[in-house]
Structure formats: C-alpha cells, structure tokens
Amino acid sequence: MPRATNGPASRRRRNNRLKLAKGFKGSRSKLFRTATEAVDRAQAMAYVHRKLKKRDFRRLWTVRINAACRMDGISYSRFIDGLTKCEIKLNRKMLSEIAIHDPTAFTKLVETAKAKVC
C-alpha cells in the first residue's frame, strides 16, 4: 500500500495563503513563510483600522459641525447641548451632511439650539 501524505491539502493551504498575499512586494508575495507573516500582520491591521475608521469619521463630522456652528456664532458644545435640550435626535453624520448640503436648514437648527441654551 502506498504511503498517504497530506500533500493536496497542504498545497491548497499554501496556495490560499499566497493568494491572500497577492499584490504584496517582492518575497512577501512569493515565499510562503514571509507571505504568511505579511498576511497575518495585514489582517491584524485591517481589524484594528476598521475600528479606527469609525473614530476618524466621527472626528471629521464633529469638525465639520463645529465649523458650521462657528459661522452662525455658536460653539459646537453649546449647539449639541441645545439640540439635546430641544430633544432633536440627529446623529453627527446627518448634522454634518445638513451643514454641507443645506446651510439654511442648519442655520434653523442653530437658532432652535440657541433658543434653548440662552
């Protein structure tokens, strides 16, 4: 009886790992061990950066809202406080979009927030 090895399965495993490393530079896409290290690191960083992306976008929205508020003569924190007191429940993403695409509506939001804060 011939000796049975795990050749097909291990070759498939290696090829799958090398496919994940496609597009990497030099030996990181050609050699199995370096490709494995590169792919492991890339997947770890992808996980971390998916979490950081949410943080970065929230910061961006906050900066945009703050800039629009300052043009209407109110600070970001007072604006958010006023919206909370008015029970206007808009998230920062939508407030940012309103500030960019519909300044008149954003000005009305600022006026209602100012009325509650002052």
# chains A, B, ... in the order shown; residues from 1 in each chain; ligands from 1
$ residues_around --residues "Phe24 of chain A" --least-positions-apart "6" --cutoff "12 Å" --atoms "only C-alpha atoms" --output "mmCIF file with C-alpha atoms, in the first residue's frame"
data_model
loop_
_atom_site.group_PDB
_atom_site.id
_atom_site.type_symbol
_atom_site.label_atom_id
_atom_site.label_comp_id
_atom_site.auth_asym_id
_atom_site.auth_seq_id
_atom_site.Cartn_x
_atom_site.Cartn_y
_atom_site.Cartn_z
ATOM 1 C CA LEU A 18 -0.171 33.047 -1.269
ATOM 2 C CA LYS A 30 6.287 34.774 -3.365
ATOM 3 C CA LEU A 31 7.746 32.923 -0.378
ATOM 4 C CA THR A 34 7.235 35.715 4.578
ATOM 5 C CA ALA A 35 3.846 35.786 2.858
ATOM 6 C CA THR A 36 2.276 34.196 5.944
ATOM 7 C CA GLU A 37 3.838 36.810 8.215
ATOM 8 C CA ALA A 38 2.767 39.630 5.909
ATOM 9 C CA VAL A 39 -0.808 38.343 5.594
ATOM 10 C CA ALA A 42 -2.199 42.774 7.238
#
$ residues_around --residues "Ile100 of chain A" --least-positions-apart "3" --cutoff "12 Å" --atoms "only C-alpha atoms" --output "ChimeraX atom specification"
/A:61,63-69,93-97,103-107
$ residues_around --residues "Asn15 of chain A" --least-positions-apart "6" --cutoff "10 Å" --atoms "only C-alpha atoms" --output "list in words"
Ala9, Ala21 and Phe32 of chain A
$ write_last_selection --atoms "C-alpha atoms" --output "PDB file, in the first residue's frame"
ATOM      1  CA  ALA A   9      -4.412  19.668   1.416  1.00  0.00           C
ATOM      2  CA  ALA A  21      -0.535  37.895  -0.307  1.00  0.00           C
ATOM      3  CA  PHE A  32       5.369  31.082   1.892  1.00  0.00           C
TER       4      PHE A  32
END
$ atom_distance --atom1 "atom CA of Thr112 of chain A" --atom2 "atom CA of Met71 of chain A"
15.5 Å
$ residues_around --residues "Arg78 of chain A" --least-positions-apart "5" --cutoff "9 Å" --atoms "only C-alpha atoms" --output "MDAnalysis selection string"
chainID A and resid 83 113:114 117
$ select_by_dssp --residues "segment 55-104 of chain A" --states "helix (DSSP H, G or I)" --output "MDAnalysis selection string"
chainID A and resid 55:71 76:86 92:101 103:104
$ closest_atom_pairs --of "segment 49-81 of chain A" --to "segment 85-88 of chain A" --cutoff "12 Å" --atoms "only C-alpha atoms" --output "tab-separated table"
residue	atom	partner	partner_atom	distance
A:Arg78	CA	A:Lys85	CA	10.4
A:Phe79	CA	A:Lys85	CA	9.9
A:Ile80	CA	A:Lys85	CA	8.6
A:Asp81	CA	A:Lys85	CA	6.3
$ closest_residue --among "A:Arg17, A:Glu111, A:Ile98, A:Arg41" --to "Ile74 of chain A" --atoms "only C-alpha atoms"
A:Glu111
